[in-house]
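What follows is upload-v6.txt (compact mmCIF, C-alpha atoms).
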# COMPACT_ATOMS: atom_id res chain seq x y z
CA MET A 1 16.16 3.56 59.91
CA GLY A 2 19.59 2.85 61.32
CA LEU A 3 23.04 4.34 61.29
CA VAL A 4 26.29 2.34 61.41
CA LEU A 5 29.66 3.84 62.33
CA TYR A 6 33.03 2.11 62.61
CA ASP A 7 33.35 4.04 65.90
CA VAL A 8 30.35 5.55 67.67
CA LYS A 9 32.62 7.99 69.51
CA ALA A 10 33.38 9.54 66.12
CA LYS A 11 29.85 10.97 66.16
CA TYR A 12 30.86 13.22 69.05
CA GLN A 13 34.63 13.59 68.72
CA ASP A 14 35.47 13.68 65.01
CA PRO A 15 34.51 16.86 63.12
CA TYR A 16 34.39 15.00 59.80
CA PHE A 17 31.87 12.38 60.91
CA SER A 18 29.88 14.76 63.08
CA GLU A 19 29.15 16.97 60.06
CA ILE A 20 28.00 13.98 57.99
CA ILE A 21 25.74 12.82 60.81
CA TYR A 22 24.39 16.33 61.29
CA GLY A 23 23.35 16.25 57.64
CA ILE A 24 21.72 12.84 58.07
CA GLU A 25 19.83 13.83 61.21
CA SER A 26 18.75 17.19 59.77
CA GLU A 27 17.43 15.63 56.57
CA LEU A 28 15.61 12.93 58.52
CA LEU A 29 13.85 15.62 60.52
CA ASP A 30 12.95 17.48 57.35
CA GLN A 31 11.56 14.26 55.88
CA GLU A 32 9.71 13.42 59.15
CA CYS A 33 11.60 10.16 59.54
CA ILE A 34 13.09 8.55 62.65
CA LEU A 35 16.63 7.36 63.30
CA ASP A 36 16.12 4.21 65.39
CA PHE A 37 19.68 3.26 66.32
CA THR A 38 23.38 4.07 65.99
CA PHE A 39 25.83 1.18 66.38
CA GLU A 40 29.48 0.34 65.98
CA VAL A 41 30.42 -2.19 63.34
CA GLN A 42 31.83 -4.61 65.92
CA ASP A 43 28.52 -4.69 67.82
CA ILE A 44 25.83 -4.54 65.16
CA PHE A 45 25.60 -8.31 64.57
CA ASN A 46 25.81 -9.11 68.28
CA PHE A 47 22.29 -7.80 68.85
CA ASN A 48 18.99 -8.81 67.30
CA LEU A 49 18.55 -5.32 65.91
CA PHE A 50 16.43 -6.30 62.96
CA GLY A 51 14.24 -9.07 64.35
CA ASP A 52 11.28 -6.97 65.51
CA MET A 53 11.33 -4.45 62.67
CA ASN A 54 9.22 -4.32 59.54
CA GLU A 55 11.73 -5.01 56.79
CA SER A 56 9.94 -2.76 54.32
CA ASP A 57 10.66 0.20 56.60
CA LEU A 58 14.25 -0.72 57.44
CA GLY A 59 17.20 1.05 55.91
CA VAL A 60 20.78 1.44 57.13
CA ILE A 61 23.28 4.19 56.33
CA CYS A 62 26.91 3.13 56.77
CA ILE A 63 29.50 5.84 57.32
CA GLY A 64 33.13 5.41 56.37
CA PRO A 65 35.16 3.01 54.19
CA LEU A 66 33.99 -0.26 55.74
CA LYS A 67 35.22 -3.69 54.73
CA HIS A 68 33.35 -5.27 51.85
CA ASP A 69 32.64 -8.52 53.75
CA PHE A 70 30.86 -6.51 56.44
CA ILE A 71 28.77 -4.65 53.85
CA ASN A 72 27.90 -7.93 52.12
CA GLU A 73 26.73 -9.47 55.39
CA LEU A 74 24.69 -6.38 56.21
CA ASN A 75 23.07 -6.51 52.77
CA LYS A 76 21.87 -10.04 53.50
CA ARG A 77 20.05 -8.87 56.63
CA VAL A 78 18.81 -5.44 55.65
CA PRO A 79 16.83 -4.64 52.48
CA PHE A 80 18.16 -1.11 52.00
CA VAL A 81 21.79 -0.18 52.67
CA ILE A 82 23.62 2.99 51.60
CA SER A 83 27.31 3.77 52.05
CA VAL A 84 28.41 7.33 52.79
CA GLY A 85 32.08 8.02 52.13
CA GLY A 86 32.81 4.46 51.11
CA ILE A 87 34.67 3.10 48.09
CA PRO A 88 32.20 2.01 45.34
CA LYS A 89 33.07 -1.62 44.64
CA LEU A 90 29.79 -3.44 45.39
CA GLU A 91 26.40 -3.38 43.68
CA MET A 92 24.75 -0.97 46.11
CA ASP A 93 24.11 2.72 46.60
CA TYR A 94 27.00 5.06 47.45
CA VAL A 95 27.25 8.74 48.29
CA THR A 96 30.91 9.61 48.30
CA VAL A 97 33.75 11.59 46.73
CA ASP A 98 36.57 10.58 44.41
CA PHE A 99 39.20 10.30 47.13
CA ARG A 100 41.93 9.16 44.76
CA HIS A 101 41.53 11.99 42.26
CA ALA A 102 41.23 14.63 44.99
CA ALA A 103 44.38 13.32 46.68
CA MET A 104 46.21 13.41 43.35
CA GLN A 105 45.26 17.06 42.94
CA ALA A 106 46.45 17.90 46.44
CA VAL A 107 49.84 16.27 45.89
CA GLN A 108 50.12 17.79 42.42
CA TYR A 109 49.64 21.20 44.03
CA LEU A 110 52.75 20.55 46.12
CA VAL A 111 54.65 19.36 43.05
CA ASP A 112 53.65 22.50 41.16
CA LEU A 113 55.10 24.54 44.03
CA GLY A 114 58.43 22.84 43.39
CA HIS A 115 58.35 20.13 46.05
CA ARG A 116 59.97 16.83 45.15
CA ASN A 117 60.34 15.22 48.59
CA ILE A 118 56.78 14.68 49.79
CA ALA A 119 55.71 12.52 52.74
CA PHE A 120 52.32 10.93 53.36
CA ILE A 121 50.43 10.35 56.61
CA GLY A 122 47.43 8.13 55.97
CA GLY A 123 45.05 6.12 58.04
CA SER A 124 43.89 2.58 58.60
CA SER A 125 41.43 1.06 61.03
CA GLN A 126 40.38 -2.34 62.31
CA VAL A 127 37.30 -2.34 60.09
CA GLY A 128 38.57 -0.24 57.20
CA MET A 129 41.25 -0.51 54.55
CA PRO A 130 44.95 -0.76 55.46
CA ILE A 131 46.92 2.37 54.68
CA ASP A 132 48.48 1.05 51.46
CA GLN A 133 45.05 0.12 50.05
CA GLU A 134 43.29 3.36 50.92
CA GLU A 135 42.24 5.61 48.05
CA ARG A 136 44.08 8.69 49.26
CA PHE A 137 47.31 6.73 49.37
CA TYR A 138 46.68 5.57 45.81
CA GLY A 139 46.17 9.21 44.81
CA TYR A 140 49.43 10.20 46.51
CA LYS A 141 51.26 7.31 44.89
CA GLU A 142 49.87 8.02 41.44
CA ALA A 143 50.78 11.73 41.61
CA MET A 144 54.32 10.87 42.70
CA GLU A 145 54.74 8.30 39.94
CA LEU A 146 53.31 10.58 37.24
CA ASN A 147 55.90 13.18 38.21
CA HIS A 148 58.70 10.58 38.39
CA LEU A 149 59.23 11.25 42.10
CA LYS A 150 60.56 8.71 44.55
CA ILE A 151 58.36 7.47 47.39
CA VAL A 152 60.53 7.03 50.46
CA PRO A 153 59.07 4.19 52.60
CA GLU A 154 60.04 5.93 55.85
CA TRP A 155 58.01 8.94 54.78
CA VAL A 156 54.79 6.90 54.48
CA GLN A 157 53.33 6.60 57.97
CA ASP A 158 50.03 5.41 59.44
CA GLY A 159 48.35 8.07 61.57
CA CYS A 160 45.17 5.95 62.01
CA PHE A 161 43.03 9.11 61.59
CA ASP A 162 44.03 9.94 65.15
CA LEU A 163 45.61 13.07 66.66
CA ILE A 164 48.17 11.34 68.86
CA LYS A 165 49.13 8.68 66.31
CA SER A 166 49.51 11.24 63.55
CA TYR A 167 51.67 13.32 65.89
CA GLU A 168 53.88 10.26 66.42
CA ALA A 169 53.83 9.51 62.68
CA MET A 170 55.11 13.00 61.88
CA LYS A 171 57.89 12.62 64.45
CA LYS A 172 59.01 9.41 62.72
CA ILE A 173 59.16 11.28 59.42
CA LEU A 174 61.14 14.14 60.96
CA ASN A 175 63.59 11.67 62.50
CA THR A 176 64.63 10.33 59.11
CA GLN A 177 68.07 11.28 57.81
CA SER A 178 66.75 13.81 55.27
CA PRO A 179 63.22 15.01 56.18
CA PRO A 180 60.87 15.96 53.33
CA SER A 181 59.97 19.52 52.36
CA ALA A 182 56.23 18.75 52.32
CA VAL A 183 53.67 16.34 53.73
CA PHE A 184 50.19 15.33 52.59
CA THR A 185 47.87 14.06 55.33
CA ALA A 186 44.71 12.08 54.58
CA SER A 187 42.63 14.09 57.06
CA ASP A 188 42.70 17.47 58.76
CA LYS A 189 42.64 15.76 62.13
CA MET A 190 45.93 14.08 61.30
CA ALA A 191 47.30 17.37 60.00
CA PHE A 192 46.68 18.90 63.42
CA GLY A 193 48.82 16.18 64.98
CA ALA A 194 51.52 16.78 62.37
CA TYR A 195 51.46 20.53 63.13
CA LYS A 196 52.27 19.84 66.77
CA ALA A 197 55.21 17.58 65.94
CA ILE A 198 56.63 20.04 63.40
CA GLY A 199 56.43 22.86 65.93
CA GLU A 200 58.12 20.80 68.65
CA TYR A 201 61.05 20.16 66.32
CA GLY A 202 61.56 23.91 66.01
CA LEU A 203 60.39 23.97 62.42
CA SER A 204 58.03 26.40 60.74
CA ILE A 205 55.00 25.78 58.51
CA PRO A 206 55.28 26.48 55.60
CA HIS A 207 58.84 27.83 55.45
CA ASP A 208 60.43 24.57 56.60
CA ILE A 209 57.68 22.11 55.74
CA SER A 210 54.54 22.64 53.67
CA VAL A 211 51.38 20.80 54.71
CA VAL A 212 48.32 19.97 52.62
CA SER A 213 45.42 17.91 53.90
CA PHE A 214 41.94 16.52 53.27
CA ASP A 215 38.40 17.27 54.61
CA ASN A 216 38.30 21.05 55.28
CA VAL A 217 36.79 20.77 58.74
CA GLU A 218 35.90 24.05 60.41
CA MET A 219 39.04 24.22 62.58
CA SER A 220 41.37 24.04 59.57
CA GLU A 221 40.73 27.70 58.80
CA PHE A 222 41.60 28.82 62.33
CA ILE A 223 44.84 27.00 63.16
CA ASN A 224 48.15 28.78 62.61
CA PRO A 225 48.91 28.89 59.76
CA PRO A 226 45.50 28.20 58.18
CA LEU A 227 45.54 24.78 56.54
CA THR A 228 45.44 24.15 52.79
CA THR A 229 43.04 21.25 52.41
CA VAL A 230 40.57 19.46 50.14
CA GLN A 231 36.99 20.54 50.76
CA VAL A 232 34.49 17.71 51.20
CA HIS A 233 30.80 18.62 51.41
CA LYS A 234 30.14 16.55 54.50
CA GLU A 235 26.70 17.77 55.53
CA GLU A 236 25.48 17.46 51.94
CA MET A 237 26.74 13.87 51.81
CA GLY A 238 24.54 13.03 54.77
CA ARG A 239 21.49 14.79 53.36
CA ILE A 240 21.81 13.19 49.93
CA ALA A 241 22.22 9.75 51.51
CA VAL A 242 18.88 10.14 53.29
CA LYS A 243 17.13 11.31 50.11
CA LEU A 244 18.61 8.44 48.13
CA LEU A 245 17.61 5.90 50.77
CA LEU A 246 14.03 7.15 50.87
CA GLN A 247 13.78 7.03 47.07
CA ARG A 248 15.14 3.49 47.16
CA MET A 249 12.52 2.48 49.75
CA GLU A 250 9.76 3.96 47.61
CA GLY A 251 10.92 1.97 44.58
CA GLY A 252 11.92 5.07 42.67
CA ILE A 253 15.42 3.84 41.76
CA PRO A 254 15.66 0.56 39.82
CA LEU A 255 19.46 0.15 39.80
CA PRO A 256 22.34 0.81 42.22
CA LEU A 257 23.34 4.47 42.12
CA ILE A 258 26.71 6.07 42.87
CA SER A 259 26.67 9.78 43.67
CA TYR A 260 30.07 11.49 43.57
CA LEU A 261 30.07 14.90 45.24
CA PRO A 262 32.61 17.43 43.97
CA THR A 263 35.74 18.36 45.92
CA LYS A 264 37.89 21.49 45.78
CA LEU A 265 41.36 22.33 47.03
CA ILE A 266 41.08 25.26 49.45
CA VAL A 267 44.42 27.08 49.32
CA ARG A 268 45.45 28.80 52.55
CA SER A 269 48.83 29.54 54.15
CA SER A 270 50.31 26.14 55.02
CA CYS A 271 52.20 25.71 51.74
CA THR A 272 54.89 27.74 50.00
CA GLU A 273 57.06 27.42 46.91
CA LYS A 274 60.12 25.23 47.26
CA SER A 275 62.42 28.10 46.25
CA GLU A 276 61.34 29.97 49.38
CA LEU A 277 62.16 27.11 51.74
CA LYS A 278 64.90 27.16 54.29
CA LYS A 279 67.17 24.17 54.70
CA ILE A 280 66.07 21.89 57.53
Write-out of the structure in structure tokens:
Amino acid sequence: MGLVLYDVKAKYQDPYFSEIIYGIESELLDQECILDFTFEVQDIFNFNLFGDMNESDLGVICIGPLKHDFINELNKRVPFVISVGGIPKLEMDYVTVDFRHAAMQAVQYLVDLGHRNIAFIGGSSQVGMPIDQEERFYGYKEAMELNHLKIVPEWVQDGCFDLIKSYEAMKKILNTQSPPSAVFTASDKMAFGAYKAIGEYGLSIPHDISVVSFDNVEMSEFINPPLTTVQVHKEEMGRIAVKLLLQRMEGGIPLPLISYLPTKLIVRSSCTEKSELKKI
């Protein structure tokens, strides 16, 4: 059994991916199975990984929203492939969440607090979707349009799911002529970068800018102020992916299956009503 990441370092450095992989590894141990390899997308086809393996025992779990052409190529070489956290658009097995709907709920929460000027920091990668095609951006866009709110292009920035780049993205937003009263970030990691930029500009969260995010990693509860964010059951995603893959290998599932895990907005102290805001 194999594991594919768009960045192997994410296994060790990113709290979102590390929790998913912990679930995968824990469930594999419980099922007395072996994880044979972990590879980056860019490298997986550069090695003869599958040549000496018994195809009937070979399954691959892909983590993250990978490009469809990569998944298609992998499906040609591997009999059993499951996507964890991907966007269900191919005839294969997925364990994921409804990123678009959850993002809509997060932005709607800001709207319900009275915010009308809402920025977005999203993420793109070399092997994933560009920012304006990512599901959380679509959720942000749809919530704004449903509430007849204007999307300011300068307030939509690519943080690349990276601390430093999200920090720079937030600075670009704050340098606009009229900064927003709230920002939605597509991951907690990017929210942490935004926090730093907001603080360096002498602004306060939430009294100057409200922040809502996505993932609910462990650290989000302990930063100051605690971060309002969408909870994703990351460990459970990994465990369910293993169970689904094993059932697929045993012939217990005749058709492609999509498993959507529930999400929930965890309200903490990083947002406040617009009427309570100071002028920036």
Fill in: Selected residue, from A:Leu257, A:Val267, A:Val60, A:Met237, that lies nearest to Pro225 of chain A when counting all atoms listed in the file
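When distances to Pro225 of chain A are compared using all atoms listed in the file, the smallest one comes from A:Val267.
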Item to complete: Go through A:Cys62, A:Ile71, A:Ile173, A:Leu246 one by one, measure the shortest atom-to-atom distance of each to Ala197 of chain A using only C-alpha atoms, and give the residue with the smallest value.
Response: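 That would be A:Ile173, the residue with the smallest distance to Ala197 of chain A.
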Discussion item. Using all atoms listed in the file, can you tell me which of A:Lys165, A:His115, A:Lys89, A:His101 comes closest to Gly139 of chain A?
Written reply: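 So, comparing all the options, the nearest one is A:His101.
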Discussion item. To one decimal place in Å, what is the distance between atom CA of Leu28 of chain A and atom CA of Val97 of chain A?
Written reply: 21.7 Å
Fill in: All residues 6 Å or closer to Ile118 of chain A, only C-alpha atoms, same chain fewer than 5 positions away omitted, as a ChimeraX atom specification
/A:180,182-183
Practice prompt. Would you please work out which residue, of A:Phe214, A:Phe17, A:Trp155, A:Tyr201, is nearest to Met104 of chain A when using all atoms listed in the file?
Written response: A:Phe214
Worksheet entry | Residues near Gly123 of chain A, cut-off 8 Å, only C-alpha atoms, skip fewer than 2 positions along chain, as a list in words |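 Everything that qualifies: Ile121, Ser125, Pro130, Ile131, Glu134, Asp158, Gly159, Cys160, Phe161 and Ala186 of chain A.
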Item to complete: Within 9 Å of Asn147 of chain A, counting all atoms listed in the file, which residues show up once you throw out same-chain ones fewer than 5 positions away? Write them as a list of chain:residue names, please.
Response: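 The contact residues come out as A:Gln108, A:Val111, A:Arg116, A:Glu142.
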Discussion item. Just checking: using only C-alpha atoms, which residue out of A:Asp162, A:Asp36, A:Asp93, A:Glu73 ends up closest to Ile253 of chain A?
Written reply: A:Asp93
Practice prompt. Could you tell me how far atom CA of Glu135 of chain A lies from atom CA of Lys150 of chain A, in Å and to one decimal?
Written response: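 Value for the atom CA of Glu135 of chain A-atom CA of Lys150 of chain A distance: 18.9 Å.
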Practice prompt. Measure the distance from atom CA of Leu113 of chain A to atom CA of Asp132 of chain A in Å and round it to one decimal.
Written response: 25.5 Å
